[in-house]
>>> print(open('data.txt').read())   # compact mmCIF, C-alpha atoms and all ligand atoms
# COMPACT_ATOMS: atom_id res chain seq x y z
CA MET A 17 -33.03 -46.13 44.95
CA THR A 18 -33.99 -42.50 44.71
CA THR A 19 -37.18 -42.69 42.69
CA THR A 20 -39.22 -44.37 45.40
CA ARG A 21 -37.40 -42.66 48.25
CA PHE A 22 -38.36 -39.25 46.98
CA ALA A 23 -41.66 -39.81 45.22
CA ASN A 24 -43.55 -36.68 46.28
CA ARG A 25 -45.34 -33.70 44.73
CA VAL A 26 -42.12 -31.89 43.85
CA THR A 27 -40.51 -34.84 42.06
CA GLU A 28 -43.78 -35.49 40.26
CA MET A 29 -44.34 -31.87 39.17
CA LEU A 30 -40.73 -31.30 38.11
CA GLY A 31 -40.31 -34.75 36.56
CA VAL A 32 -37.06 -35.38 38.45
CA GLU A 33 -35.81 -38.27 40.60
CA ILE A 34 -34.22 -36.12 43.28
CA PRO A 35 -36.00 -33.03 44.67
CA ILE A 36 -32.93 -30.82 44.74
CA VAL A 37 -33.09 -27.66 42.64
CA GLN A 38 -30.04 -25.64 41.62
CA ALA A 39 -30.74 -21.98 42.28
CA PRO A 40 -31.17 -19.51 39.46
CA MET A 41 -28.27 -17.07 39.47
CA GLY A 42 -27.49 -14.43 36.87
CA TRP A 43 -24.69 -15.52 34.47
CA ILE A 44 -23.97 -18.58 36.67
CA ALA A 45 -27.10 -20.70 36.16
CA ARG A 46 -26.33 -21.57 32.59
CA SER A 47 -25.95 -24.83 30.70
CA GLN A 48 -22.57 -25.91 32.10
CA LEU A 49 -23.86 -25.93 35.68
CA ALA A 50 -27.55 -26.68 35.06
CA SER A 51 -26.89 -29.67 32.79
CA ALA A 52 -24.62 -31.23 35.43
CA VAL A 53 -27.41 -30.88 37.98
CA SER A 54 -30.08 -32.34 35.69
CA ARG A 55 -27.81 -35.20 34.61
CA ALA A 56 -27.37 -36.05 38.30
CA GLY A 57 -31.13 -36.56 38.58
CA ALA A 58 -31.91 -33.22 40.22
CA CYS A 59 -33.30 -30.05 38.61
CA GLY A 60 -31.03 -27.57 36.83
CA ILE A 61 -32.37 -24.05 36.36
CA ILE A 62 -31.43 -21.53 33.68
CA GLU A 63 -31.45 -17.88 34.70
CA THR A 64 -32.93 -14.91 32.87
CA SER A 65 -31.88 -12.28 35.44
CA SER A 66 -28.81 -11.35 33.35
CA GLY A 67 -31.32 -10.03 30.81
CA GLU A 68 -29.24 -11.55 27.99
CA LEU A 69 -32.14 -13.35 26.37
CA ASP A 70 -30.36 -14.17 23.09
CA VAL A 71 -27.63 -15.90 25.07
CA ILE A 72 -30.23 -17.62 27.26
CA ARG A 73 -32.04 -18.98 24.20
CA GLU A 74 -28.75 -20.54 23.08
CA GLU A 75 -28.05 -21.86 26.60
CA ILE A 76 -31.44 -23.61 26.61
CA ARG A 77 -30.67 -25.11 23.20
CA LYS A 78 -27.34 -26.37 24.59
CA MET A 79 -29.13 -27.93 27.55
CA ARG A 80 -30.96 -30.21 25.15
CA ASP A 81 -27.64 -31.38 23.68
CA LEU A 82 -26.15 -31.92 27.12
CA THR A 83 -29.02 -33.76 28.82
CA ASP A 84 -32.38 -35.30 28.07
CA LYS A 85 -33.44 -34.75 31.69
CA PRO A 86 -35.86 -31.99 32.77
CA PHE A 87 -34.73 -28.51 33.75
CA GLY A 88 -36.45 -25.23 34.54
CA VAL A 89 -36.13 -21.50 33.98
CA ASN A 90 -36.37 -18.60 36.45
CA ILE A 91 -37.95 -15.21 35.89
CA ALA A 92 -36.48 -12.79 38.43
CA GLN A 93 -39.06 -10.13 37.76
CA ALA A 94 -37.22 -7.12 39.16
CA PHE A 95 -34.25 -7.68 36.88
CA VAL A 96 -35.86 -8.59 33.60
CA ARG A 97 -36.55 -5.68 31.29
CA ASP A 98 -38.18 -7.53 28.39
CA PRO A 99 -41.98 -7.13 28.68
CA ASN A 100 -42.41 -10.39 26.74
CA ILE A 101 -40.40 -12.49 29.17
CA ALA A 102 -43.29 -14.90 29.87
CA GLU A 103 -43.78 -15.54 26.15
CA PHE A 104 -40.02 -15.97 25.76
CA VAL A 105 -40.00 -18.65 28.46
CA ILE A 106 -43.09 -20.39 27.06
CA ASP A 107 -41.47 -20.47 23.59
CA GLN A 108 -38.45 -22.32 24.99
CA GLY A 109 -40.61 -25.37 25.69
CA VAL A 110 -39.64 -25.83 29.36
CA GLN A 111 -42.18 -27.28 31.77
CA PHE A 112 -41.05 -25.71 35.05
CA VAL A 113 -40.65 -22.03 35.94
CA THR A 114 -39.81 -20.26 39.16
CA THR A 115 -40.83 -16.62 39.43
CA SER A 116 -39.15 -14.36 41.97
CA ALA A 117 -38.55 -10.75 43.00
CA GLY A 118 -41.97 -9.43 42.05
CA SER A 119 -45.71 -9.95 42.25
CA PRO A 120 -47.01 -13.49 41.68
CA MET A 121 -50.05 -11.91 39.99
CA LYS A 122 -47.97 -10.80 37.03
CA TYR A 123 -47.07 -14.03 35.22
CA THR A 124 -48.72 -16.96 37.00
CA SER A 125 -51.87 -17.22 34.91
CA VAL A 126 -50.20 -16.73 31.52
CA LEU A 127 -47.53 -19.34 32.35
CA LYS A 128 -50.07 -21.79 33.76
CA SER A 129 -52.41 -21.32 30.79
CA ALA A 130 -49.51 -22.44 28.59
CA GLY A 131 -49.25 -25.62 30.68
CA LEU A 132 -46.16 -24.73 32.73
CA THR A 133 -45.70 -25.57 36.39
CA VAL A 134 -45.11 -22.34 38.34
CA TYR A 135 -43.43 -21.97 41.73
CA HIS A 136 -43.06 -18.49 43.23
CA VAL A 137 -40.22 -17.54 45.56
CA VAL A 138 -41.41 -16.06 48.87
CA PRO A 139 -39.48 -14.52 51.80
CA THR A 140 -42.47 -14.02 54.17
CA LEU A 141 -45.79 -15.59 55.12
CA SER A 142 -47.78 -12.72 53.58
CA ALA A 143 -45.94 -13.18 50.27
CA ALA A 144 -46.73 -16.91 50.43
CA LEU A 145 -50.44 -16.21 50.98
CA LYS A 146 -50.48 -13.84 47.99
CA ALA A 147 -48.73 -16.38 45.78
CA VAL A 148 -51.21 -19.10 46.66
CA ASP A 149 -54.06 -16.67 45.94
CA ALA A 150 -52.47 -16.02 42.54
CA GLY A 151 -52.77 -19.75 41.80
CA VAL A 152 -49.16 -20.94 41.85
CA ASP A 153 -48.48 -24.69 41.86
CA GLY A 154 -45.94 -24.43 44.66
CA LEU A 155 -43.59 -22.17 46.59
CA VAL A 156 -39.86 -21.70 46.98
CA VAL A 157 -39.70 -20.59 50.62
CA GLU A 158 -36.46 -18.64 50.94
CA GLY A 159 -34.88 -17.84 54.28
CA GLY A 160 -32.87 -14.67 54.84
CA GLU A 161 -29.63 -16.57 55.52
CA GLY A 162 -29.48 -17.37 51.81
CA GLY A 163 -27.34 -15.57 49.28
CA GLY A 164 -28.55 -13.10 46.68
CA PHE A 165 -31.26 -10.45 46.59
CA LYS A 166 -33.42 -10.54 49.65
CA SER A 167 -36.40 -9.03 51.38
CA PRO A 168 -35.21 -6.13 53.58
CA THR A 169 -36.81 -7.93 56.55
CA PRO A 170 -35.06 -11.30 56.49
CA VAL A 171 -36.61 -14.30 58.24
CA SER A 172 -34.55 -17.45 58.70
CA THR A 173 -35.51 -20.72 57.02
CA MET A 174 -35.99 -22.34 60.44
CA VAL A 175 -38.78 -19.89 61.27
CA LEU A 176 -40.30 -19.20 57.87
CA LEU A 177 -40.62 -22.73 56.52
CA PRO A 178 -42.77 -24.29 59.28
CA LEU A 179 -44.78 -21.07 59.49
CA VAL A 180 -45.68 -21.17 55.81
CA ARG A 181 -46.32 -24.92 55.96
CA SER A 182 -48.70 -24.47 58.89
CA ARG A 183 -50.86 -22.10 56.83
CA MET A 184 -51.04 -23.80 53.44
CA ASP A 185 -50.85 -27.13 51.70
CA VAL A 186 -49.03 -26.39 48.41
CA PRO A 187 -45.70 -28.15 47.78
CA ILE A 188 -42.70 -26.26 49.14
CA ILE A 189 -39.07 -26.14 48.02
CA ALA A 190 -36.92 -24.75 50.85
CA ALA A 191 -34.07 -22.36 50.08
CA GLY A 192 -31.52 -20.63 52.29
CA GLY A 193 -28.89 -22.55 54.23
CA ILE A 194 -29.34 -25.89 52.43
CA VAL A 195 -25.98 -27.48 51.73
CA ASP A 196 -26.07 -31.21 52.55
CA GLY A 197 -28.27 -34.13 53.55
CA ALA A 198 -28.69 -33.01 57.14
CA THR A 199 -30.04 -29.60 56.14
CA MET A 200 -32.20 -31.23 53.47
CA ALA A 201 -33.64 -33.61 56.07
CA ALA A 202 -34.23 -30.67 58.42
CA ALA A 203 -36.11 -28.84 55.65
CA PHE A 204 -38.25 -31.92 55.02
CA ALA A 205 -38.96 -32.18 58.75
CA LEU A 206 -40.20 -28.57 58.62
CA GLY A 207 -42.54 -29.25 55.72
CA ALA A 208 -40.54 -29.02 52.50
CA GLU A 209 -40.71 -31.60 49.72
CA GLY A 210 -37.69 -30.22 47.91
CA VAL A 211 -34.67 -27.99 48.50
CA GLN A 212 -32.83 -25.37 46.49
CA MET A 213 -29.09 -24.77 46.75
CA GLY A 214 -27.52 -21.46 45.73
CA THR A 215 -24.17 -20.83 47.39
CA ARG A 216 -23.27 -24.54 47.29
CA MET A 217 -23.76 -24.46 43.51
CA VAL A 218 -21.71 -21.27 43.05
CA SER A 219 -18.83 -23.20 44.59
CA ALA A 220 -19.31 -26.38 42.51
CA THR A 221 -16.69 -27.52 40.02
CA GLU A 222 -19.05 -26.93 37.07
CA SER A 223 -19.99 -23.42 38.22
CA PRO A 224 -18.58 -21.01 35.64
CA VAL A 225 -17.39 -18.40 38.17
CA HIS A 226 -13.70 -17.69 38.70
CA LEU A 227 -11.89 -19.92 41.18
CA ASN A 228 -11.23 -16.88 43.40
CA TRP A 229 -14.95 -16.66 44.22
CA LYS A 230 -15.20 -20.40 44.87
CA GLN A 231 -12.10 -20.20 47.09
CA ALA A 232 -13.55 -17.21 48.97
CA ILE A 233 -16.62 -19.34 49.75
CA VAL A 234 -14.42 -22.22 50.88
CA ASP A 235 -12.39 -19.85 53.08
CA ALA A 236 -15.43 -18.03 54.53
CA ALA A 237 -16.60 -18.51 58.11
CA GLU A 238 -20.32 -18.51 58.90
CA THR A 239 -19.92 -14.90 60.01
CA ASP A 240 -18.39 -13.77 56.72
CA THR A 241 -21.49 -12.53 54.90
CA LEU A 242 -23.00 -9.07 55.19
CA PHE A 243 -26.63 -8.05 54.79
CA LEU A 244 -26.71 -4.91 52.68
CA ASN A 245 -29.25 -2.33 51.57
CA GLU A 246 -31.89 -3.13 54.18
CA ARG A 247 -33.30 0.39 54.04
CA HIS A 248 -34.04 -0.13 50.36
CA SER A 249 -35.09 -2.89 48.10
CA PRO A 250 -33.72 -5.29 47.14
CA ALA A 251 -31.56 -5.97 50.15
CA LEU A 252 -28.76 -8.41 49.47
CA ARG A 253 -26.56 -10.94 51.23
CA ALA A 254 -22.98 -11.12 50.05
CA LEU A 255 -19.49 -12.12 51.11
CA ARG A 256 -17.61 -9.72 53.36
CA THR A 257 -15.04 -7.85 51.26
CA THR A 258 -13.63 -4.35 51.41
CA ARG A 259 -16.29 -3.27 48.92
CA THR A 260 -19.22 -4.71 50.86
CA THR A 261 -17.83 -3.55 54.22
CA ASP A 262 -17.71 0.01 52.84
CA LEU A 263 -21.33 -0.32 51.69
CA GLN A 264 -22.66 -1.94 54.85
CA HIS A 265 -23.90 1.19 56.60
CA ALA A 266 -24.64 3.29 53.51
CA GLU A 267 -27.81 5.37 53.61
CA HIS A 268 -28.26 5.37 49.85
CA ASN A 269 -29.48 2.50 47.69
CA VAL A 270 -26.29 0.48 47.13
CA PHE A 271 -27.80 -1.47 44.28
CA GLY A 272 -26.26 1.19 42.03
CA ASP A 273 -22.85 0.27 43.48
CA PHE A 274 -23.13 -3.39 42.49
CA GLY A 275 -20.02 -2.95 40.37
CA ASP A 276 -18.61 -4.80 37.38
CA ALA A 277 -20.17 -8.25 37.66
CA GLN A 278 -18.13 -9.68 34.77
CA ALA A 279 -14.83 -8.62 36.38
CA LEU A 280 -15.83 -10.42 39.59
CA TYR A 281 -17.65 -13.43 38.18
CA PHE A 282 -15.21 -14.33 35.42
CA GLY A 283 -12.16 -12.12 36.05
CA GLY A 284 -11.89 -13.15 39.70
CA ASP A 285 -11.49 -9.61 41.07
CA MET A 286 -13.32 -10.00 44.40
CA GLU A 287 -13.48 -6.22 44.90
CA ALA A 288 -14.89 -5.43 41.44
CA ALA A 289 -18.48 -6.17 42.45
CA ILE A 290 -20.67 -7.63 45.20
CA ALA A 291 -20.15 -11.40 45.57
CA LEU A 292 -23.64 -12.64 46.44
CA SER A 293 -23.38 -15.60 48.83
CA GLY A 294 -25.25 -17.06 51.78
CA GLN A 295 -24.21 -17.72 55.38
CA VAL A 296 -23.86 -21.35 54.44
CA ALA A 297 -20.52 -20.42 52.84
CA GLY A 298 -19.26 -21.11 56.37
CA ARG A 299 -20.17 -24.79 55.91
CA ILE A 300 -18.57 -25.28 52.50
CA ASP A 301 -14.97 -26.38 52.66
CA GLU A 302 -14.26 -27.82 49.25
CA VAL A 303 -14.97 -27.21 45.56
CA ARG A 304 -16.73 -30.38 44.46
CA PRO A 305 -18.36 -31.75 41.31
CA VAL A 306 -22.15 -31.42 41.16
CA ALA A 307 -22.65 -35.21 40.87
CA ASP A 308 -20.75 -35.74 44.15
CA ILE A 309 -22.65 -32.95 45.92
CA ILE A 310 -26.00 -34.44 44.89
CA ALA A 311 -25.04 -38.07 45.60
CA ASP A 312 -23.61 -37.23 49.03
CA THR A 313 -26.64 -35.11 49.90
CA VAL A 314 -28.99 -37.96 49.03
CA ALA A 315 -26.94 -40.53 50.98
CA GLN A 316 -26.68 -38.25 54.00
CA PHE A 317 -30.39 -37.41 53.83
CA ILE A 318 -31.25 -41.11 53.92
CA ALA A 319 -28.81 -41.79 56.77
CA THR A 320 -30.18 -38.83 58.75
CA VAL A 321 -33.80 -39.89 58.36
CA GLU A 322 -32.95 -43.46 59.35
CA ARG A 323 -31.00 -42.30 62.37
CA LEU A 324 -33.84 -40.07 63.52
CA SER A 325 -36.44 -42.78 62.98
CA THR A 326 -34.51 -45.09 65.29
CA GLY A 327 -33.97 -42.38 67.89
CA GLY A 328 -30.24 -42.39 67.13
CA GLN A 329 -27.62 -40.11 68.53
CA PRO A 330 -25.70 -37.86 66.12
C1 LIG B 401 -24.88 -15.44 43.21
C2 LIG B 401 -26.35 -15.57 43.45
C3 LIG B 401 -27.26 -15.09 42.51
C4 LIG B 401 -28.65 -15.26 42.71
N1 LIG B 401 -29.51 -14.85 41.74
C5 LIG B 401 -30.84 -15.17 41.84
C6 LIG B 401 -31.73 -14.95 40.73
O1 LIG B 401 -31.35 -14.48 39.67
N2 LIG B 401 -33.04 -15.30 40.91
C7 LIG B 401 -33.50 -15.85 42.09
O2 LIG B 401 -34.69 -16.16 42.18
N3 LIG B 401 -32.67 -16.07 43.13
C8 LIG B 401 -31.36 -15.77 43.02
N4 LIG B 401 -30.50 -16.05 44.07
C9 LIG B 401 -31.02 -16.69 45.31
C10 LIG B 401 -30.97 -18.20 45.12
O3 LIG B 401 -31.94 -18.55 44.18
C11 LIG B 401 -31.23 -19.06 46.37
O4 LIG B 401 -32.57 -18.98 46.78
C12 LIG B 401 -30.34 -18.77 47.54
O5 LIG B 401 -29.01 -18.70 47.12
C13 LIG B 401 -30.51 -19.89 48.56
O6 LIG B 401 -29.70 -19.72 49.67
P1 LIG B 401 -28.22 -20.38 49.82
O7 LIG B 401 -27.33 -19.42 49.16
O8 LIG B 401 -28.07 -20.46 51.30
O9 LIG B 401 -28.27 -21.73 49.14
C14 LIG B 401 -29.12 -15.87 43.90
C15 LIG B 401 -28.19 -16.34 44.86
C16 LIG B 401 -26.83 -16.21 44.65
C17 LIG B 401 -25.87 -16.74 45.68
>>> encode(input="data.txt", output="structure tokens")
Amino acid sequence: MTTTRFANRVTEMLGVEIPIVQAPMGWIARSQLASAVSRAGACGIIETSSGELDVIREEIRKMRDLTDKPFGVNIAQAFVRDPNIAEFVIDQGVQFVTTSAGSPMKYTSVLKSAGLTVYHVVPTLSAALKAVDAGVDGLVVEGGEGGGFKSPTPVSTMVLLPLVRSRMDVPIIAAGGIVDGATMAAAFALGAEGVQMGTRMVSATESPVHLNWKQAIVDAAETDTLFLNERHSPALRALRTTRTTDLQHAEHNVFGDFGDAQALYFGGDMEAAIALSGQVAGRIDEVRPVADIIADTVAQFIATVERLSTGGQP
């Protein structure tokens, strides 16, 4: 079913059946979540933004016990302190890397020389042009409605994706606001050949975060995220809590007030740190297993494309 449906440059480069990528997320994008995504035929990603490279090495080893399907690794450049991060990733034997939060000039050639496929995450057209100049294989085009660390000048997926597509021909994975088959089909209509899901994956059954965070996503309305730190970099999009509300209009760089991530992520204290999440939290109303999320997204994508091709009404 899916192999022929989705045969495109992203499935070919990543070696997956379904061009859905689970977002890299510090402490969250580890083997429990990523293996469920890869087993479902999509692409799991292991993070390095936690900086815990010894743990990450073990997580990658576990991936190989849990699935024989492909997966990738992310280098979130602003958060990784190890100067040998590219060599670390190459040594792990993965084929696919996304680089983000930094210059595409830094790691692209060393990763590509080692035979890896490199996609760079871009929040603007100018960043996309730079990444293509640096020789990346593809782009993750990330709209400002998405969760996590962001450009201080956010541009929505609906504007950014067709703009980038109109100026270049490399394969694009769309990120920011993607949650189901309708949004995946919309992203494909705007020029993507793959999609990345962040907030949806935080809320998945196999996500390791505390149920309180998943429930907060389920309970959130589309208006329940805040965009913080726009006078500094990185800006960030997170759930509205007392902590983030207090930080919303701060003049100083609130990155230093991120808080105790472990107490939030695994202890479930929603005020202990900043709960990074996208606006799409407002469209998530259930904690669901990864396999169901992927299967429903594919089925809904196919139904949407068929409906549009026959001029159908919603
Ligand atoms: C909790 C969380 C942590 C994230 N951490 C990273 C990261 O380490 N590296 C990265 O490239 N993107 C990171 N992101 C951004 C995601 O990769 C993704 O592009 C974004 O969540 C997509 O938007 P969505 O939340 O609407 O799906 C993070 C997002 C969230 C929600």
>>> closest_residue(input="data.txt", among="A:Pro250, A:Gly67, A:Pro40, A:Gly193", to="Val211 of chain A", atoms="only C-alpha atoms")
A:Gly193
>>> atom_distance(input="data.txt", atom1="atom CA of Ala39 of chain A", atom2="atom CA of Thr114 of chain A")
9.7 Å
>>> residues_near_ligand(input="data.txt", ligand="ligand LIG 401 (chain B)", cutoff="6 Å", atoms="all atoms listed in the file", output="VMD selection string")
chain A and resid 39 to 42 65 92 116 158 161 to 164 191 to 194 213 to 215 292 to 294 296
>>> atom_distance(input="data.txt", atom1="atom CA of Val152 of chain A", atom2="atom CA of Glu28 of chain A")
15.6 Å
>>> residues_around(input="data.txt", residues="Ala52 of chain A", least_positions_apart="2", cutoff="10 Å", atoms="all atoms listed in the file", output="ChimeraX atom specification")
/A:38,47-50,54-60,79,82-83,221-223,305-307
>>> residues_around(input="data.txt", residues="Arg73 of chain A", least_positions_apart="3", cutoff="12 Å", atoms="only C-alpha atoms", output="MDAnalysis selection string")
chainID A and resid 46:47 62:64 67:70 76:80 89 101 104:110
>>> residues_around(input="data.txt", residues="Val186 of chain A", least_positions_apart="3", cutoff="9 Å", atoms="all atoms listed in the file", output="PyMOL selection string")
chain A and resi 25+148+152-155+181
>>> atom_distance(input="data.txt", atom1="atom CA of Ala190 of chain A", atom2="atom CA of Leu177 of chain A")
7.1 Å
>>> residues_around(input="data.txt", residues="Pro170 of chain A", least_positions_apart="4", cutoff="8 Å", atoms="all atoms listed in the file", output="MDAnalysis selection string")
chainID A and resid 139 159:161 166
>>> closest_residue(input="data.txt", among="A:Ser66, A:Ser182, A:Gln231, A:Gln264", to="Ala277 of chain A", atoms="all atoms listed in the file")
A:Ser66
>>> closest_residue(input="data.txt", among="A:Val225, A:Thr257, A:Glu74, A:Ala251", to="Asn269 of chain A", atoms="only C-alpha atoms")
A:Ala251
>>> residues_around(input="data.txt", residues="Gln111 of chain A", least_positions_apart="2", cutoff="9 Å", atoms="only C-alpha atoms", output="PDB file with C-alpha atoms, in the frame of the given file")
ATOM      1  CA  MET A  29     -44.340 -31.870  39.170  1.00  0.00           C
ATOM      2  CA  LEU A  30     -40.730 -31.300  38.110  1.00  0.00           C
ATOM      3  CA  PRO A  86     -35.860 -31.990  32.770  1.00  0.00           C
ATOM      4  CA  PHE A  87     -34.730 -28.510  33.750  1.00  0.00           C
ATOM      5  CA  GLY A  88     -36.450 -25.230  34.540  1.00  0.00           C
ATOM      6  CA  VAL A  89     -36.130 -21.500  33.980  1.00  0.00           C
ATOM      7  CA  ILE A 106     -43.090 -20.390  27.060  1.00  0.00           C
ATOM      8  CA  GLY A 109     -40.610 -25.370  25.690  1.00  0.00           C
ATOM      9  CA  VAL A 113     -40.650 -22.030  35.940  1.00  0.00           C
ATOM     10  CA  GLY A 131     -49.250 -25.620  30.680  1.00  0.00           C
ATOM     11  CA  LEU A 132     -46.160 -24.730  32.730  1.00  0.00           C
ATOM     12  CA  THR A 133     -45.700 -25.570  36.390  1.00  0.00           C
ATOM     13  CA  VAL A 134     -45.110 -22.340  38.340  1.00  0.00           C
TER      14      VAL A 134
END
>>> closest_residue(input="data.txt", among="A:Ser167, A:Asp240, A:Ala130, A:Val137", to="Ile91 of chain A", atoms="only C-alpha atoms")
A:Val137
>>> closest_residue(input="data.txt", among="A:Leu227, A:Phe274, A:Ala201, A:Glu287", to="Ala319 of chain A", atoms="only C-alpha atoms")
A:Ala201
>>> decode(input="data.txt", residues="segment 209-232 of chain A", atoms="N, CA and C atoms", output="short mmCIF file (atom, residue, chain, number, x, y, z; two decimals), in the first residue's frame")
data_model
loop_
_atom_site.label_atom_id
_atom_site.label_comp_id
_atom_site.auth_asym_id
_atom_site.auth_seq_id
_atom_site.Cartn_x
_atom_site.Cartn_y
_atom_site.Cartn_z
N GLU A 209 7.62 16.78 0.59
CA GLU A 209 7.57 15.34 0.27
C GLU A 209 7.65 14.51 1.55
N GLY A 210 7.60 15.18 2.67
CA GLY A 210 7.60 14.50 3.96
C GLY A 210 7.13 15.48 5.01
N VAL A 211 6.76 14.96 6.19
CA VAL A 211 6.36 15.84 7.29
C VAL A 211 7.03 15.38 8.58
N GLN A 212 7.18 16.33 9.49
CA GLN A 212 7.75 16.02 10.80
C GLN A 212 6.73 16.40 11.87
N MET A 213 6.55 15.52 12.84
CA MET A 213 5.60 15.80 13.93
C MET A 213 6.35 15.88 15.26
N GLY A 214 6.17 17.01 15.96
CA GLY A 214 6.78 17.19 17.27
C GLY A 214 5.76 17.01 18.39
N THR A 215 4.88 18.00 18.53
CA THR A 215 3.93 17.99 19.64
C THR A 215 3.07 16.72 19.64
N ARG A 216 2.66 16.29 18.45
CA ARG A 216 1.87 15.04 18.36
C ARG A 216 2.63 13.87 18.99
N MET A 217 3.96 13.84 18.77
CA MET A 217 4.76 12.74 19.30
C MET A 217 5.04 12.89 20.80
N VAL A 218 5.11 14.13 21.30
CA VAL A 218 5.22 14.30 22.76
C VAL A 218 4.03 13.64 23.44
N SER A 219 2.87 13.75 22.80
CA SER A 219 1.63 13.27 23.43
C SER A 219 1.37 11.79 23.18
N ALA A 220 2.22 11.12 22.40
CA ALA A 220 1.96 9.71 22.05
C ALA A 220 2.15 8.79 23.25
N THR A 221 1.51 7.65 23.20
CA THR A 221 1.60 6.68 24.30
C THR A 221 3.06 6.35 24.61
N GLU A 222 3.87 6.14 23.58
CA GLU A 222 5.26 5.70 23.79
C GLU A 222 6.19 6.85 24.16
N SER A 223 5.72 8.10 24.12
CA SER A 223 6.55 9.21 24.56
C SER A 223 6.87 9.02 26.04
N PRO A 224 8.14 9.23 26.42
CA PRO A 224 8.50 8.97 27.82
C PRO A 224 8.09 10.05 28.80
N VAL A 225 7.50 11.15 28.34
CA VAL A 225 7.20 12.24 29.29
C VAL A 225 6.04 11.86 30.20
N HIS A 226 5.98 12.54 31.33
CA HIS A 226 4.95 12.29 32.34
C HIS A 226 3.55 12.55 31.75
N LEU A 227 2.60 11.78 32.21
CA LEU A 227 1.23 11.90 31.70
C LEU A 227 0.67 13.32 31.89
N ASN A 228 1.14 14.04 32.90
CA ASN A 228 0.63 15.40 33.10
C ASN A 228 0.89 16.29 31.89
N TRP A 229 2.05 16.12 31.26
CA TRP A 229 2.38 16.92 30.06
C TRP A 229 1.49 16.47 28.90
N LYS A 230 1.35 15.17 28.73
CA LYS A 230 0.48 14.68 27.64
C LYS A 230 -0.95 15.20 27.85
N GLN A 231 -1.41 15.15 29.11
CA GLN A 231 -2.79 15.60 29.39
C GLN A 231 -2.92 17.10 29.16
N ALA A 232 -1.87 17.85 29.48
CA ALA A 232 -1.91 19.30 29.25
C ALA A 232 -2.03 19.60 27.75
#
